[in-house]
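Report on one structure; see the data block that follows.
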Amino acid sequence: MDITEKLTYRKIFLFWGPLALTWLMMAFEQPFLIAFIARLNEAKFNLAAFGIAGSFAMIIESPIIMLMSASTALVRGRHSYRKLKRFTDLLNAGITVIQLIILIPPVFSFIVTGLMGMPEDIARPAHTALFIFLPWAASIGYRRFYQGILIRNNLTRRVTYGTVVRLVVIMIMGVILYSAGVKGAYVGAGAMSLAVFLEAIATRMMVSRTLKTLLQIDDTENRNLRLRSVARFYFPLALTSILSLGVQPFVTFFLGRSRMAVESLAVLPVVSSLVFIFRSMGLSYQEVNIALIGKEKQNYRLLKNYAIFLGLVVTVLISVLAFTPLANLWFINISGLSQDLADMSYLPLKIMILVPALTVLLNFQRSSLIINGTTRPISVATAIELGTIIMTLLVCTVFLNFIGVVAAAIAFMTGRIMSNLYLIQKQVSAVREWNIKELVTETVRLDSDVHDHRLRR
């Protein structure tokens, strides 16, 4: 039975729940590792080095982030699977080569020491940590490609099972490396790389039976699908991720030259990872809307109402944490920050309390455009967000002399608002197109029914 038929809020929750749990578990992995790093020697420098290496790893993986949405939307049979699989192979090879180029010592030194102005005490462990991250990007590419196929076939629980594998490996490796006295930045990079690699293997194993069925389907409607058409569809999505995650090096650059630079670089990953826990609820909603909206887009209003409710819930939850002693419990007792670093964390968290709700809105807007096949506005919105973040950082750090992490929080918030505002008009246009097409289809159907009735008479 097609799940999009007679959709209810309960069905949406049951479909979305495993995906939300998946993102939630991923959101907890960084705070878990930060808790180890913060309790090892030279915590401030290792937190900063881990943050820099993580920023590079994320921007390198950015072109493959949207593979899950692409495979959810495009893979319907043997032909489309093979084309997107080949596209995934080429993409993964390309980003791995890029990471190897960045790891060349003179190149890395020029970027981190020369451009970012980081001291050698941070640059050296950051370089080694990024090398440990080498399997990270390609593993995520394959994992997200196969996860999209699982989502398309209503097997979202298996996506969660893969993330359980990832989280268990991170916990085990974190404890082992921590107990062995490994440098903090290497603990984080090593645990995350191995965990994602094994998660990709587990996901491939779980999709095997589904692939056997999929490869028997001759999706004739996708005969014209070529690598060029896949690239044309995917490029705006990849550009969106590149711009979105590419903001991290810019943030690191401005923080490195801001007031209380090292402290800000140490604190920002802690605050960001906490906000990401609440953002994860919205990040999981993009594929939900793509998969459940229905062929006639009949479930749009139901999914929109669910998104509104979800945005309200995450706002209440993060506000309870940000404005109560729970924040102190998180930053000091759980994350292991010193009192001085914890004191720097409270204001940025309060500034960013609307970011999770805006993330729900953003992913709902993006999914509506992906369904409509108009992916270019998504890239434009992300470019607007990136430009706003950079300009806000410039003003706040250079002209207003704000503490770096506070400037970053203001920039993230402002950028996300501008992105949402731009996409509102584009989403309305997409929905209007659906309604027009639906009206034309219904008119044609009624004319056909009338014609058949006259013939029978």
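So you can find residues: chains in the structure tokens are A, B, ... in the order shown, residues in each start at 1, and ligands are numbered from 1 in order.
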
message = I'd like the neighbourhood of Asn153 in chain A as an MDAnalysis selection string, where a residue qualifies if any of its atoms comes within 10 Å (using only C-alpha atoms), though same-chain residues fewer than 6 positions away should be ignored.
response = chainID A and resid 2:3 72 76 147 207 210 214 291

Using only N, CA and C atoms, please write the residues we just selected to a file, as a short mmCIF file (atom, residue, chain, number, x, y, z; two decimals), in the first residue's frame.
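The file below, selection34.cif, is the result:
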```
data_model
loop_
_atom_site.label_atom_id
_atom_site.label_comp_id
_atom_site.auth_asym_id
_atom_site.auth_seq_id
_atom_site.Cartn_x
_atom_site.Cartn_y
_atom_site.Cartn_z
N ASP A 2 0.52 2.22 -0.84
CA ASP A 2 1.27 3.48 -0.92
C ASP A 2 1.01 4.30 0.35
N ILE A 3 2.11 4.64 1.06
CA ILE A 3 1.96 5.37 2.33
C ILE A 3 1.40 6.77 2.12
N THR A 72 16.47 9.85 -3.10
CA THR A 72 15.07 9.74 -2.71
C THR A 72 14.16 10.20 -3.84
N ARG A 76 14.25 5.19 -9.06
CA ARG A 76 12.96 4.50 -9.12
C ARG A 76 13.06 3.13 -9.77
N GLN A 147 20.98 5.55 1.77
CA GLN A 147 19.91 5.95 2.69
C GLN A 147 18.71 6.52 1.93
N VAL A 207 20.54 -2.43 2.58
CA VAL A 207 19.79 -2.08 1.37
C VAL A 207 19.86 -3.18 0.31
N THR A 210 16.51 -4.74 -0.93
CA THR A 210 15.75 -3.72 -1.66
C THR A 210 16.35 -3.48 -3.04
N LEU A 214 14.76 -3.53 -6.74
CA LEU A 214 14.86 -2.29 -7.51
C LEU A 214 15.45 -2.55 -8.89
N ALA A 291 9.17 12.47 0.15
CA ALA A 291 8.64 11.11 0.05
C ALA A 291 7.13 11.03 0.25
#
```

What residues in range 353-385 of chain A get the DSSP label alpha helix (DSSP H)? Please answer as a PDB file with C-alpha atoms, in the first residue's frame.
```pdb
ATOM      1  CA  VAL A 355      17.771  28.744  14.484  1.00  0.00           C
ATOM      2  CA  PRO A 356      16.203  25.246  14.975  1.00  0.00           C
ATOM      3  CA  ALA A 357      12.711  26.496  14.029  1.00  0.00           C
ATOM      4  CA  LEU A 358      14.124  28.360  11.032  1.00  0.00           C
ATOM      5  CA  THR A 359      15.869  25.114  10.028  1.00  0.00           C
ATOM      6  CA  VAL A 360      12.510  23.311   9.983  1.00  0.00           C
ATOM      7  CA  LEU A 361      11.141  26.058   7.752  1.00  0.00           C
ATOM      8  CA  LEU A 362      14.198  26.043   5.493  1.00  0.00           C
ATOM      9  CA  ASN A 363      14.097  22.294   4.863  1.00  0.00           C
ATOM     10  CA  PHE A 364      10.362  22.390   4.208  1.00  0.00           C
ATOM     11  CA  GLN A 365      10.928  25.199   1.708  1.00  0.00           C
ATOM     12  CA  ARG A 366      13.813  23.357   0.041  1.00  0.00           C
ATOM     13  CA  SER A 367      11.884  20.098  -0.270  1.00  0.00           C
ATOM     14  CA  SER A 368       8.961  21.882  -1.923  1.00  0.00           C
ATOM     15  CA  LEU A 369      11.310  23.284  -4.572  1.00  0.00           C
ATOM     16  CA  ILE A 370      13.067  19.928  -5.091  1.00  0.00           C
ATOM     17  CA  ILE A 371       9.670  18.294  -5.659  1.00  0.00           C
ATOM     18  CA  ASN A 372       8.907  20.994  -8.224  1.00  0.00           C
ATOM     19  CA  ARG A 376      18.325  26.836  -8.452  1.00  0.00           C
ATOM     20  CA  PRO A 377      16.557  29.102  -5.883  1.00  0.00           C
ATOM     21  CA  ILE A 378      17.901  26.831  -3.133  1.00  0.00           C
ATOM     22  CA  SER A 379      21.464  27.724  -4.136  1.00  0.00           C
ATOM     23  CA  VAL A 380      20.604  31.417  -4.402  1.00  0.00           C
ATOM     24  CA  ALA A 381      19.098  31.365  -0.893  1.00  0.00           C
ATOM     25  CA  THR A 382      22.216  29.702   0.502  1.00  0.00           C
ATOM     26  CA  ALA A 383      24.431  32.266  -1.259  1.00  0.00           C
ATOM     27  CA  ILE A 384      22.359  35.009   0.363  1.00  0.00           C
ATOM     28  CA  GLU A 385      22.816  33.319   3.745  1.00  0.00           C
TER      29      GLU A 385
END
```

inquiry  = Would you compute the distance between CA of Leu312 in chain A and CA of Glu29 in chain A? Give it in Å to one decimal.
reply    =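 CA of Glu29 in chain A lies at a distance of 24.7 Å from CA of Leu312 in chain A.
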
task = Enter the distance from CA of Arg259 in chain A to CA of Ile403 in chain A, in Å, rounded to one decimal.
result =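 Between CA of Arg259 in chain A and CA of Ile403 in chain A the gap works out to 4.9 Å.
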
message = Under the rule that only C-alpha atoms are counted, which of A:Thr160, A:Ser109, A:Thr96, A:Ser241 is the nearest residue to Ala137 in chain A?
response = A:Thr96

If you count only C-alpha atoms, which residues fall within 12 Å of Phe250 in chain A, apart from same-chain ones fewer than 6 positions away, as a PDB file with C-alpha atoms, in the first residue's frame?
```
ATOM      1  CA  ILE A  52      39.377  23.549  12.373  1.00  0.00           C
ATOM      2  CA  SER A  55      35.363  22.549   9.452  1.00  0.00           C
ATOM      3  CA  PHE A  56      37.617  21.387   6.603  1.00  0.00           C
ATOM      4  CA  ILE A  59      33.290  21.635   3.555  1.00  0.00           C
ATOM      5  CA  ILE A 111      45.555  28.256   4.512  1.00  0.00           C
ATOM      6  CA  VAL A 112      45.624  27.689   8.273  1.00  0.00           C
ATOM      7  CA  LEU A 115      45.370  33.039   5.885  1.00  0.00           C
ATOM      8  CA  MET A 116      43.680  32.118   9.163  1.00  0.00           C
ATOM      9  CA  LEU A 243      27.912  27.340   0.311  1.00  0.00           C
ATOM     10  CA  SER A 244      26.198  26.259   3.526  1.00  0.00           C
ATOM     11  CA  GLY A 256      40.901  33.927  14.472  1.00  0.00           C
ATOM     12  CA  ARG A 257      41.140  37.700  14.231  1.00  0.00           C
ATOM     13  CA  LEU A 386      26.567  32.975   3.239  1.00  0.00           C
ATOM     14  CA  GLY A 387      26.949  36.593   2.130  1.00  0.00           C
ATOM     15  CA  THR A 388      24.904  37.818   5.086  1.00  0.00           C
ATOM     16  CA  ILE A 389      26.985  35.779   7.535  1.00  0.00           C
ATOM     17  CA  ILE A 390      30.268  37.116   6.137  1.00  0.00           C
ATOM     18  CA  MET A 391      29.081  40.729   6.162  1.00  0.00           C
ATOM     19  CA  THR A 392      27.693  40.396   9.689  1.00  0.00           C
ATOM     20  CA  LEU A 393      30.954  38.867  10.920  1.00  0.00           C
ATOM     21  CA  LEU A 394      32.919  41.662   9.284  1.00  0.00           C
ATOM     22  CA  ALA A 408      29.309  34.218  14.969  1.00  0.00           C
ATOM     23  CA  ALA A 411      25.804  36.118  11.955  1.00  0.00           C
ATOM     24  CA  PHE A 412      24.307  32.605  11.862  1.00  0.00           C
TER      25      PHE A 412
END
```

inquiry  = Calculated over only C-alpha atoms, which of the candidates A:Gly141, A:Gly148, A:Pro63, A:Gly373 has the smallest distance to Leu211 in chain A?
reply    =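 For Leu211 in chain A, the nearest of the candidates is A:Gly148.
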
task = State, in Å with one decimal place, the distance from CA of Arg209 in chain A to CA of Val159 in chain A.
result =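 Rounded to one decimal, the two atoms are 14.5 Å apart.
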
ask   = Quick one: residues within 10 Å of Asn41 in chain A, only C-alpha atoms counted, chain neighbours fewer than 5 positions away excluded, as a list of chain:residue names?
value =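 What passes the distance filter is A:Asn46, A:Gly181, A:Val182, A:Lys183, A:Gly184.
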
request  = Compile the contact shell of Ser193 in chain A as a PyMOL selection string: residues with an atom at most 9 Å away, counting only C-alpha atoms, same-chain residues fewer than 4 positions apart removed.
outcome  = chain A and resi 132-137+139+170+188-189+197-198

Let me see the file: selected residues, N, CA and C atoms, as a PDB file, in the first residue's frame.
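File selection_7.pdb, as written:
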```pdb
ATOM      1  N   ILE A 132      43.384  12.114   9.446  1.00  0.00           N
ATOM      2  CA  ILE A 132      42.597  11.013  10.011  1.00  0.00           C
ATOM      3  C   ILE A 132      41.173  11.038   9.452  1.00  0.00           C
ATOM      4  N   PHE A 133      40.694  12.220   9.086  1.00  0.00           N
ATOM      5  CA  PHE A 133      39.348  12.376   8.506  1.00  0.00           C
ATOM      6  C   PHE A 133      39.277  11.926   7.038  1.00  0.00           C
ATOM      7  N   LEU A 134      40.368  11.403   6.464  1.00  0.00           N
ATOM      8  CA  LEU A 134      40.423  11.112   5.032  1.00  0.00           C
ATOM      9  C   LEU A 134      39.287  10.205   4.534  1.00  0.00           C
ATOM     10  N   PRO A 135      38.912   9.122   5.247  1.00  0.00           N
ATOM     11  CA  PRO A 135      37.821   8.261   4.743  1.00  0.00           C
ATOM     12  C   PRO A 135      36.436   8.867   4.953  1.00  0.00           C
ATOM     13  N   TRP A 136      36.351   9.962   5.659  1.00  0.00           N
ATOM     14  CA  TRP A 136      35.086  10.528   6.119  1.00  0.00           C
ATOM     15  C   TRP A 136      34.133  10.885   4.966  1.00  0.00           C
ATOM     16  N   ALA A 137      34.604  11.693   4.027  1.00  0.00           N
ATOM     17  CA  ALA A 137      33.712  12.253   3.014  1.00  0.00           C
ATOM     18  C   ALA A 137      33.119  11.190   2.095  1.00  0.00           C
ATOM     19  N   SER A 139      32.805   8.015   2.590  1.00  0.00           N
ATOM     20  CA  SER A 139      31.921   7.129   3.360  1.00  0.00           C
ATOM     21  C   SER A 139      30.537   7.759   3.505  1.00  0.00           C
ATOM     22  N   ILE A 170      31.489   5.173  17.796  1.00  0.00           N
ATOM     23  CA  ILE A 170      32.042   6.426  18.329  1.00  0.00           C
ATOM     24  C   ILE A 170      32.253   6.317  19.837  1.00  0.00           C
ATOM     25  N   GLY A 188      38.722  12.737  18.572  1.00  0.00           N
ATOM     26  CA  GLY A 188      37.506  13.090  17.846  1.00  0.00           C
ATOM     27  C   GLY A 188      37.549  12.643  16.397  1.00  0.00           C
ATOM     28  N   ALA A 189      38.630  12.941  15.694  1.00  0.00           N
ATOM     29  CA  ALA A 189      38.726  12.610  14.270  1.00  0.00           C
ATOM     30  C   ALA A 189      38.746  11.099  14.047  1.00  0.00           C
ATOM     31  N   PHE A 197      32.642   5.190   8.408  1.00  0.00           N
ATOM     32  CA  PHE A 197      33.036   4.131   7.475  1.00  0.00           C
ATOM     33  C   PHE A 197      32.241   2.855   7.727  1.00  0.00           C
ATOM     34  N   LEU A 198      32.127   2.458   8.995  1.00  0.00           N
ATOM     35  CA  LEU A 198      31.384   1.242   9.332  1.00  0.00           C
ATOM     36  C   LEU A 198      29.881   1.435   9.137  1.00  0.00           C
TER      37      LEU A 198
END
```

inquiry  = At a cut-off of 10 Å, using only C-alpha atoms, what residues contact Ala202 in chain A? Leave out same-chain residues fewer than 2 positions from it and give the result as a PyMOL selection string.
reply    = chain A and resi 143+158-159+161-163+165-166+196-200+204-207

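In this comparison, which uses only C-alpha atoms, the residue of A:Ala73, A:Ile60, A:Met260, A:Leu103 approaching Ile293 in chain A most closely is A:Ala73.
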
inquiry  = I'd like to know which of A:Val164, A:Val313, A:Leu354, A:Leu303 is closest to Pro18 in chain A, using only C-alpha atoms.
reply    = A:Val164

inquiry  = Can you tell me which residues surround Ile172 in chain A at a distance of at most 12 Å, considering only C-alpha atoms, apart from same-chain residues fewer than 3 positions away, and format the answer as an NGL selection string?
reply    = :A and (29 or 32-33 or 165-169 or 175-179 or 187-188 or 190-192 or 194-195)

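Of the listed residues (A:Ile242, A:Leu310, A:Leu215, A:Ile122), A:Ile242 comes nearest to Met58 in chain A; the distances count only C-alpha atoms.
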
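Distances to Ile34 in chain A were evaluated for A:Ser71, A:Val247, A:Ile334, A:Ala342 using only C-alpha atoms, and the minimum falls at A:Ile334.
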